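A.B. asks: So here's entry.cif, just mmCIF, C-alpha atoms and all ligand atoms:
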data_my_file
loop_
_atom_site.group_PDB
_atom_site.id
_atom_site.type_symbol
_atom_site.label_atom_id
_atom_site.label_comp_id
_atom_site.auth_asym_id
_atom_site.auth_seq_id
_atom_site.Cartn_x
_atom_site.Cartn_y
_atom_site.Cartn_z
ATOM 1 C CA MET A 36 -128.277 -86.329 25.668
ATOM 2 C CA LEU A 37 -125.287 -87.611 23.701
ATOM 3 C CA LYS A 38 -123.010 -84.772 22.587
ATOM 4 C CA VAL A 39 -120.741 -85.296 19.611
ATOM 5 C CA GLY A 40 -118.006 -82.920 18.477
ATOM 6 C CA ILE A 41 -116.740 -82.697 14.922
ATOM 7 C CA THR A 42 -113.412 -81.144 14.035
ATOM 8 C CA GLY A 43 -110.703 -80.962 11.383
ATOM 9 C CA GLY A 44 -108.297 -78.418 9.959
ATOM 10 C CA ILE A 45 -109.216 -75.624 7.537
ATOM 11 C CA GLY A 46 -110.541 -77.120 4.311
ATOM 12 C CA SER A 47 -110.880 -80.646 5.730
ATOM 13 C CA GLY A 48 -114.611 -80.557 4.957
ATOM 14 C CA LYS A 49 -115.959 -80.491 8.513
ATOM 15 C CA SER A 50 -118.661 -77.923 7.655
ATOM 16 C CA LEU A 51 -119.765 -80.016 4.705
ATOM 17 C CA VAL A 52 -119.854 -83.201 6.824
ATOM 18 C CA ALA A 53 -121.726 -81.378 9.605
ATOM 19 C CA ARG A 54 -124.315 -80.335 7.021
ATOM 20 C CA MET A 55 -124.830 -83.992 6.111
ATOM 21 C CA PHE A 56 -125.725 -84.743 9.733
ATOM 22 C CA GLU A 57 -128.103 -81.775 9.642
ATOM 23 C CA VAL A 58 -129.830 -83.296 6.618
ATOM 24 C CA LEU A 59 -130.379 -86.401 8.770
ATOM 25 C CA GLY A 60 -132.203 -84.198 11.282
ATOM 26 C CA ILE A 61 -129.387 -83.785 13.786
ATOM 27 C CA PRO A 62 -129.082 -80.270 15.241
ATOM 28 C CA VAL A 63 -125.614 -78.817 14.673
ATOM 29 C CA LEU A 64 -124.051 -75.953 16.564
ATOM 30 C CA HIS A 65 -121.512 -74.266 14.289
ATOM 31 C CA ALA A 66 -118.991 -72.798 16.704
ATOM 32 C CA ASP A 67 -117.617 -70.232 14.220
ATOM 33 C CA ASP A 68 -121.074 -68.913 13.338
ATOM 34 C CA THR A 69 -122.055 -68.882 17.000
ATOM 35 C CA ALA A 70 -118.859 -67.019 17.871
ATOM 36 C CA LYS A 71 -119.520 -64.460 15.110
ATOM 37 C CA TYR A 72 -123.078 -64.006 16.347
ATOM 38 C CA LEU A 73 -122.037 -63.569 19.984
ATOM 39 C CA MET A 74 -119.242 -61.147 19.066
ATOM 40 C CA GLN A 75 -121.944 -58.941 17.601
ATOM 41 C CA HIS A 76 -124.750 -59.507 20.141
ATOM 42 C CA ASP A 77 -123.385 -60.550 23.550
ATOM 43 C CA THR A 78 -122.756 -57.197 25.214
ATOM 44 C CA ASP A 79 -120.488 -58.607 27.966
ATOM 45 C CA LEU A 80 -118.327 -60.327 25.380
ATOM 46 C CA MET A 81 -118.230 -57.186 23.211
ATOM 47 C CA ALA A 82 -117.049 -55.118 26.165
ATOM 48 C CA SER A 83 -114.207 -57.542 26.951
ATOM 49 C CA ILE A 84 -113.115 -57.642 23.305
ATOM 50 C CA SER A 85 -112.996 -53.833 23.240
ATOM 51 C CA ARG A 86 -110.927 -53.840 26.420
ATOM 52 C CA MET A 87 -108.434 -56.307 24.935
ATOM 53 C CA PHE A 88 -108.107 -54.920 21.385
ATOM 54 C CA GLY A 89 -109.061 -51.254 21.719
ATOM 55 C CA ASN A 90 -112.168 -49.312 20.838
ATOM 56 C CA GLU A 91 -111.485 -49.391 17.098
ATOM 57 C CA VAL A 92 -112.509 -53.057 17.075
ATOM 58 C CA TYR A 93 -116.162 -51.918 17.086
ATOM 59 C CA GLN A 94 -117.202 -49.115 14.776
ATOM 60 C CA ASN A 95 -120.697 -47.774 15.447
ATOM 61 C CA GLY A 96 -121.464 -51.033 17.235
ATOM 62 C CA ARG A 97 -120.320 -53.166 14.268
ATOM 63 C CA LEU A 98 -117.370 -55.500 14.654
ATOM 64 C CA ASN A 99 -114.449 -54.405 12.487
ATOM 65 C CA ARG A 100 -113.696 -57.915 11.282
ATOM 66 C CA PRO A 101 -110.817 -57.141 8.865
ATOM 67 C CA PHE A 102 -109.016 -55.229 11.636
ATOM 68 C CA LEU A 103 -109.452 -58.042 14.154
ATOM 69 C CA ALA A 104 -108.454 -60.724 11.620
ATOM 70 C CA SER A 105 -105.312 -58.822 10.676
ATOM 71 C CA VAL A 106 -104.330 -58.613 14.347
ATOM 72 C CA VAL A 107 -105.022 -62.193 15.449
ATOM 73 C CA PHE A 108 -103.933 -64.097 12.347
ATOM 74 C CA SER A 109 -100.426 -62.680 12.539
ATOM 75 C CA ASP A 110 -99.974 -63.081 16.286
ATOM 76 C CA LYS A 111 -100.520 -66.374 18.098
ATOM 77 C CA GLU A 112 -100.765 -64.757 21.519
ATOM 78 C CA LYS A 113 -103.427 -62.296 20.400
ATOM 79 C CA LEU A 114 -105.382 -65.140 18.817
ATOM 80 C CA ALA A 115 -105.149 -67.043 22.103
ATOM 81 C CA GLY A 116 -106.335 -63.913 23.908
ATOM 82 C CA LEU A 117 -109.378 -63.574 21.661
ATOM 83 C CA ASN A 118 -110.141 -67.276 22.051
ATOM 84 C CA SER A 119 -109.942 -67.007 25.827
ATOM 85 C CA LEU A 120 -112.826 -64.525 25.653
ATOM 86 C CA VAL A 121 -114.923 -66.070 22.903
ATOM 87 C CA HIS A 122 -114.726 -69.746 23.904
ATOM 88 C CA PRO A 123 -116.358 -69.458 27.318
ATOM 89 C CA ALA A 124 -119.189 -67.447 25.715
ATOM 90 C CA VAL A 125 -119.704 -70.094 23.016
ATOM 91 C CA LEU A 126 -119.547 -72.837 25.653
ATOM 92 C CA ARG A 127 -122.261 -71.175 27.743
ATOM 93 C CA TYR A 128 -124.437 -70.627 24.697
ATOM 94 C CA GLY A 129 -123.852 -74.255 23.570
ATOM 95 C CA LYS A 130 -124.996 -75.672 26.901
ATOM 96 C CA GLU A 131 -128.262 -73.740 26.781
ATOM 97 C CA TRP A 132 -128.725 -74.651 23.119
ATOM 98 C CA ALA A 133 -128.143 -78.399 23.717
ATOM 99 C CA ALA A 134 -130.631 -78.413 26.585
ATOM 100 C CA ARG A 135 -133.332 -77.163 24.187
ATOM 101 C CA GLN A 136 -132.852 -79.997 21.634
ATOM 102 C CA SER A 137 -134.868 -83.215 21.615
ATOM 103 C CA SER A 138 -132.910 -85.251 19.034
ATOM 104 C CA PRO A 139 -131.089 -88.521 19.922
ATOM 105 C CA TYR A 140 -127.806 -86.609 19.871
ATOM 106 C CA THR A 141 -126.403 -83.164 19.011
ATOM 107 C CA LEU A 142 -123.334 -82.158 17.092
ATOM 108 C CA LYS A 143 -120.948 -79.269 17.632
ATOM 109 C CA GLU A 144 -118.683 -78.293 14.764
ATOM 110 C CA ALA A 145 -115.474 -76.400 15.495
ATOM 111 C CA ALA A 146 -111.930 -76.028 14.161
ATOM 112 C CA ILE A 147 -110.632 -75.761 17.705
ATOM 113 C CA PHE A 148 -111.604 -78.364 20.297
ATOM 114 C CA PHE A 149 -108.478 -79.812 21.809
ATOM 115 C CA GLU A 150 -106.691 -76.450 21.925
ATOM 116 C CA SER A 151 -109.555 -74.863 23.855
ATOM 117 C CA GLY A 152 -110.314 -77.864 26.070
ATOM 118 C CA SER A 153 -113.959 -77.827 24.941
ATOM 119 C CA TYR A 154 -113.626 -81.462 23.792
ATOM 120 C CA LYS A 155 -114.145 -82.306 27.473
ATOM 121 C CA GLU A 156 -117.771 -81.212 27.086
ATOM 122 C CA MET A 157 -118.296 -83.826 24.346
ATOM 123 C CA ASP A 158 -119.049 -87.531 24.746
ATOM 124 C CA LYS A 159 -117.480 -88.457 21.411
ATOM 125 C CA MET A 160 -115.228 -86.688 18.913
ATOM 126 C CA ILE A 161 -115.211 -87.088 15.133
ATOM 127 C CA GLY A 162 -112.202 -85.957 13.089
ATOM 128 C CA VAL A 163 -112.617 -85.095 9.417
ATOM 129 C CA TYR A 164 -109.436 -85.952 7.603
ATOM 130 C CA ALA A 165 -108.041 -84.699 4.304
ATOM 131 C CA PRO A 166 -104.365 -84.348 3.343
ATOM 132 C CA TYR A 167 -102.624 -80.965 3.528
ATOM 133 C CA GLU A 168 -102.488 -80.204 -0.202
ATOM 134 C CA LEU A 169 -106.158 -80.992 -0.702
ATOM 135 C CA ARG A 170 -107.170 -78.864 2.301
ATOM 136 C CA LEU A 171 -105.060 -76.008 0.962
ATOM 137 C CA GLN A 172 -106.646 -76.181 -2.506
ATOM 138 C CA ARG A 173 -110.199 -76.443 -1.122
ATOM 139 C CA ALA A 174 -109.760 -73.556 1.306
ATOM 140 C CA MET A 175 -108.091 -71.326 -1.330
ATOM 141 C CA GLN A 176 -110.987 -71.925 -3.676
ATOM 142 C CA ARG A 177 -113.690 -71.494 -1.040
ATOM 143 C CA ASP A 178 -112.249 -68.277 0.434
ATOM 144 C CA GLN A 179 -110.796 -66.906 -2.833
ATOM 145 C CA ALA A 180 -107.593 -66.513 -0.836
ATOM 146 C CA SER A 181 -103.908 -66.937 -1.646
ATOM 147 C CA GLY A 182 -101.926 -70.035 -0.680
ATOM 148 C CA ASP A 183 -99.875 -67.951 1.739
ATOM 149 C CA THR A 184 -102.971 -66.646 3.559
ATOM 150 C CA ILE A 185 -104.361 -70.147 4.044
ATOM 151 C CA LYS A 186 -100.967 -71.582 5.010
ATOM 152 C CA GLN A 187 -100.634 -68.882 7.663
ATOM 153 C CA ARG A 188 -104.020 -69.872 9.121
ATOM 154 C CA MET A 189 -103.122 -73.553 8.981
ATOM 155 C CA ALA A 190 -99.904 -72.858 10.863
ATOM 156 C CA GLN A 191 -101.942 -71.454 13.786
ATOM 157 C CA GLN A 192 -103.821 -74.726 14.192
ATOM 158 C CA MET A 193 -102.848 -77.899 16.008
ATOM 159 C CA ASP A 194 -100.960 -80.480 13.989
ATOM 160 C CA GLU A 195 -103.522 -82.410 11.975
ATOM 161 C CA GLU A 196 -102.164 -85.872 12.814
ATOM 162 C CA GLU A 197 -102.191 -85.106 16.514
ATOM 163 C CA LYS A 198 -105.760 -83.824 16.229
ATOM 164 C CA MET A 199 -106.938 -86.978 14.409
ATOM 165 C CA LYS A 200 -105.206 -89.240 16.940
ATOM 166 C CA ARG A 201 -107.261 -87.689 19.704
ATOM 167 C CA CYS A 202 -110.609 -88.271 17.950
ATOM 168 C CA ASP A 203 -112.778 -91.343 18.566
ATOM 169 C CA TYR A 204 -113.822 -91.632 14.906
ATOM 170 C CA ILE A 205 -112.306 -90.471 11.637
ATOM 171 C CA ILE A 206 -114.238 -89.537 8.516
ATOM 172 C CA ARG A 207 -111.955 -89.676 5.498
ATOM 173 C CA ASN A 208 -112.692 -86.839 3.089
ATOM 174 C CA ASP A 209 -109.782 -87.477 0.742
ATOM 175 C CA GLY A 210 -111.724 -89.066 -2.091
ATOM 176 C CA SER A 211 -110.814 -92.610 -1.027
ATOM 177 C CA MET A 212 -114.189 -93.516 0.525
ATOM 178 C CA SER A 213 -117.800 -92.379 0.293
ATOM 179 C CA VAL A 214 -118.287 -89.606 2.848
ATOM 180 C CA ILE A 215 -122.056 -90.123 2.924
ATOM 181 C CA ASN A 216 -121.658 -93.801 3.819
ATOM 182 C CA GLN A 217 -119.266 -92.922 6.634
ATOM 183 C CA VAL A 218 -121.737 -90.334 7.951
ATOM 184 C CA LEU A 219 -124.637 -92.802 7.790
ATOM 185 C CA ASP A 220 -122.600 -95.435 9.582
ATOM 186 C CA LEU A 221 -121.726 -93.061 12.449
ATOM 187 C CA HIS A 222 -125.289 -91.748 12.592
ATOM 188 C CA ARG A 223 -126.551 -95.305 13.147
ATOM 189 C CA GLN A 224 -123.952 -95.872 15.855
ATOM 190 C CA PHE A 225 -124.807 -92.652 17.689
ATOM 191 C CA CYS A 226 -128.553 -93.366 17.500
ATOM 192 C CA ALA A 227 -127.904 -96.838 18.917
ATOM 193 C CA MET A 228 -125.722 -95.385 21.686
ATOM 194 C CA ALA A 229 -128.327 -92.775 22.533
ATOM 195 C CA SER A 230 -131.040 -95.404 22.845
ATOM 196 C CA GLY A 231 -128.836 -97.650 24.971
ATOM 197 C CA ARG A 232 -128.439 -100.362 22.325
ATOM 198 C CA LEU A 233 -124.651 -99.900 22.153
HETATM 199 P P1 LIG A 301 -113.884 -76.713 6.696
HETATM 200 O O1 LIG A 301 -115.195 -76.347 7.317
HETATM 201 O O2 LIG A 301 -113.260 -77.913 7.330
HETATM 202 O O3 LIG A 301 -112.909 -75.573 6.596
HETATM 203 P P2 LIG A 301 -115.479 -77.001 4.305
HETATM 204 O O4 LIG A 301 -116.491 -77.996 4.701
HETATM 205 O O5 LIG A 301 -115.894 -75.578 4.180
HETATM 206 O O6 LIG A 301 -114.163 -77.143 5.208
HETATM 207 O O7 LIG A 301 -114.842 -77.484 2.935
HETATM 208 C C1 LIG A 301 -113.880 -76.666 2.239
HETATM 209 C C2 LIG A 301 -114.310 -76.487 0.803
HETATM 210 O O8 LIG A 301 -114.094 -77.710 0.115
HETATM 211 C C3 LIG A 301 -115.793 -76.148 0.628
HETATM 212 O O9 LIG A 301 -115.942 -75.278 -0.451
HETATM 213 C C4 LIG A 301 -116.429 -77.517 0.351
HETATM 214 O O10 LIG A 301 -117.599 -77.392 -0.407
HETATM 215 C C5 LIG A 301 -115.316 -78.219 -0.431
HETATM 216 N N1 LIG A 301 -115.294 -79.669 -0.200
HETATM 217 C C6 LIG A 301 -115.169 -80.302 0.979
HETATM 218 N N2 LIG A 301 -115.177 -81.633 0.812
HETATM 219 C C7 LIG A 301 -115.335 -81.850 -0.510
HETATM 220 C C8 LIG A 301 -115.435 -83.027 -1.316
HETATM 221 N N3 LIG A 301 -115.376 -84.256 -0.803
HETATM 222 N N4 LIG A 301 -115.604 -82.853 -2.653
HETATM 223 C C9 LIG A 301 -115.645 -81.611 -3.188
HETATM 224 N N5 LIG A 301 -115.562 -80.475 -2.491
HETATM 225 C C10 LIG A 301 -115.408 -80.583 -1.167
#
So that I can check it, write out the structure of this file as structure tokens.

C.D. replies:
Amino acid sequence: MLKVGITGGIGSGKSLVARMFEVLGIPVLHADDTAKYLMQHDTDLMASISRMFGNEVYQNGRLNRPFLASVVFSDKEKLAGLNSLVHPAVLRYGKEWAARQSSPYTLKEAAIFFESGSYKEMDKMIGVYAPYELRLQRAMQRDQASGDTIKQRMAQQMDEEEKMKRCDYIIRNDGSMSVINQVLDLHRQFCAMASGRL
């Protein structure tokens, strides 16, 4: 089965675009949601997170999210440490999940693909592009967060231009083109690829 990855920086609109593919009947694995789920349900993963960040990271079996966020979003190395535990778990889960699908192709949505190396698991990569200021405004509004908070998160991510350069396709979500038309166009291409017509 054809596996397509979709990525973009915070506020680029990748979740929104992924939802459009879902409306077309394409199963989407949301890496962030999957990671959140596994951090609360995968006992092996939970044990390694406790070992790395201390027992206070779980309180009565519940992940202390604000504590973990405050640690990893202000320290690149700690974020990398957390990712080194969570990514393999998401990758394993994703493989089993993809094997259960019967659609022409599947989509995996994640902010981090090239940084983690998980792009290698994908046949094609889509980048969702929006300029910095627009991403900042969208993310501030969505998360009800300050500009500084979002900027700090953006600074942890790979340079947007570099990320887009490494993608096979770009969806422009900067108001210059219809996003739905771009999604439909790619959907047709992926269906054709999956059926051997391309
Ligand atoms: P990401 O997943 O890349 O961080 P989202 O898909 O959550 O980004 O989009 C960020 C916010 O901006 C969301 O609230 C979303 O609804 C909004 N948004 C994204 N694209 C558009 C658009 N083209 N027009 C209006 N709002 C948008």

A.B. asks: For the provided coordinates, the residues matched by the PyMOL selection byres (((not hetatm)) within 12 of (chain A and resi 301)) should be stated as a PyMOL selection string.

C.D. replies: chain A and resi 41-55+65-68+144-147+162-179+185+188-189+192+195+206-215

A.B. asks: Could you list, as JSON, numbers by chain, every residue matched by the PyMOL selection byres (((chain A and resi 82-96) around 12) and not hetatm) in this structure?

C.D. replies: {"A": [73, 74, 75, 76, 77, 78, 79, 80, 81, 97, 98, 99, 100, 101, 102, 103, 104, 105, 106, 107, 112, 113, 114, 115, 116, 117, 118, 119, 120, 121, 124]}

A.B. asks: Check which residues satisfy the PyMOL selection byres (((chain A and resi 138) around 9) and not hetatm) in the file shown, then give them as a list in words.

C.D. replies: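 Written out, the selection comes to Met36, Gly60, Ile61, Pro62, Gln136, Ser137, Pro139, Tyr140 and Thr141 of chain A.
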
A.B. asks: Report, in Å to a single decimal, how far apart CA of Ala229 in chain A and CA of Ile205 in chain A are.

C.D. replies: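 Computed distance, CA of Ile205 in chain A to CA of Ala229 in chain A, equals 19.5 Å.
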
A.B. asks: Pick out the closest residue to Asp203 in chain A from this set: A:Cys226, A:Val58, A:Val39, A:Leu142. Count all atoms listed in the file.

C.D. replies: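 Among the listed residues, A:Val39 lies closest to Asp203 in chain A.
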
A.B. asks: Under the rule that only C-alpha atoms are counted, which of A:His222, A:Lys159, A:Lys200, A:Arg232 is the nearest residue to Leu37 in chain A?

C.D. replies: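 Going through A:His222, A:Lys159, A:Lys200, A:Arg232 one by one, the smallest distance to Leu37 in chain A is for A:Lys159.
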
A.B. asks: Can you measure CA of Lys198 in chain A to CA of Ser230 in chain A for me? One decimal in Å is fine.

C.D. replies: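 Pair CA of Lys198 in chain A / CA of Ser230 in chain A returns 28.6 Å.
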
A.B. asks: Taking all atoms of range 181-184 of chain A that appear in the file, build a box with edges along x, y and z, extend it by 4 Å on every side, and state its centre and edge lengths in Å to one decimal, as JSON.

C.D. replies:
{"center_x": -101.9, "center_y": -68.3, "center_z": 1.0, "size_x": 12.0, "size_y": 11.4, "size_z": 13.2}

A.B. asks: Please compute the CA of Gly129 in chain A-CA of Glu150 in chain A distance, one decimal, in Å.

C.D. replies: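 Answer for the CA of Gly129 in chain A to CA of Glu150 in chain A separation: 17.4 Å.
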
A.B. asks: Determine, counting only C-alpha atoms, which protein, DNA and RNA residues have an atom within 9 Å of an atom of Arg201 in chain A; residues of the same chain fewer than 4 positions away are not included. Present the result as a list in words.

C.D. replies: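 The residues that qualify are Phe149, Met160, Gly162, Glu196 and Glu197 of chain A.
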
A.B. asks: Out of A:Gln224, A:Ser151, A:Gln217, A:Ser109, which residue has the shortest atom-to-atom distance to His122 in chain A when counting all atoms listed in the file?

C.D. replies: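 Among A:Gln224, A:Ser151, A:Gln217, A:Ser109, it is A:Ser151 that comes nearest to His122 in chain A.
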
A.B. asks: Neighbouring residues of Met157 in chain A were defined as those with any atom within 6 Å, considering only C-alpha atoms; residues of the same chain fewer than 3 positions away were excluded. Please report them as a list in words.

C.D. replies: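 The contact residues come out as Lys38, Val39, Gly40 and Tyr154 of chain A.
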
A.B. asks: Quick one: write out the picked residues with C-alpha atoms as a PDB file, in the coordinates of the input?

C.D. replies:
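Dumped to out18.pdb:
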ATOM      1  CA  LYS A  38    -123.010 -84.772  22.587  1.00  0.00           C
ATOM      2  CA  VAL A  39    -120.741 -85.296  19.611  1.00  0.00           C
ATOM      3  CA  GLY A  40    -118.006 -82.920  18.477  1.00  0.00           C
ATOM      4  CA  TYR A 154    -113.626 -81.462  23.792  1.00  0.00           C
TER       5      TYR A 154
END
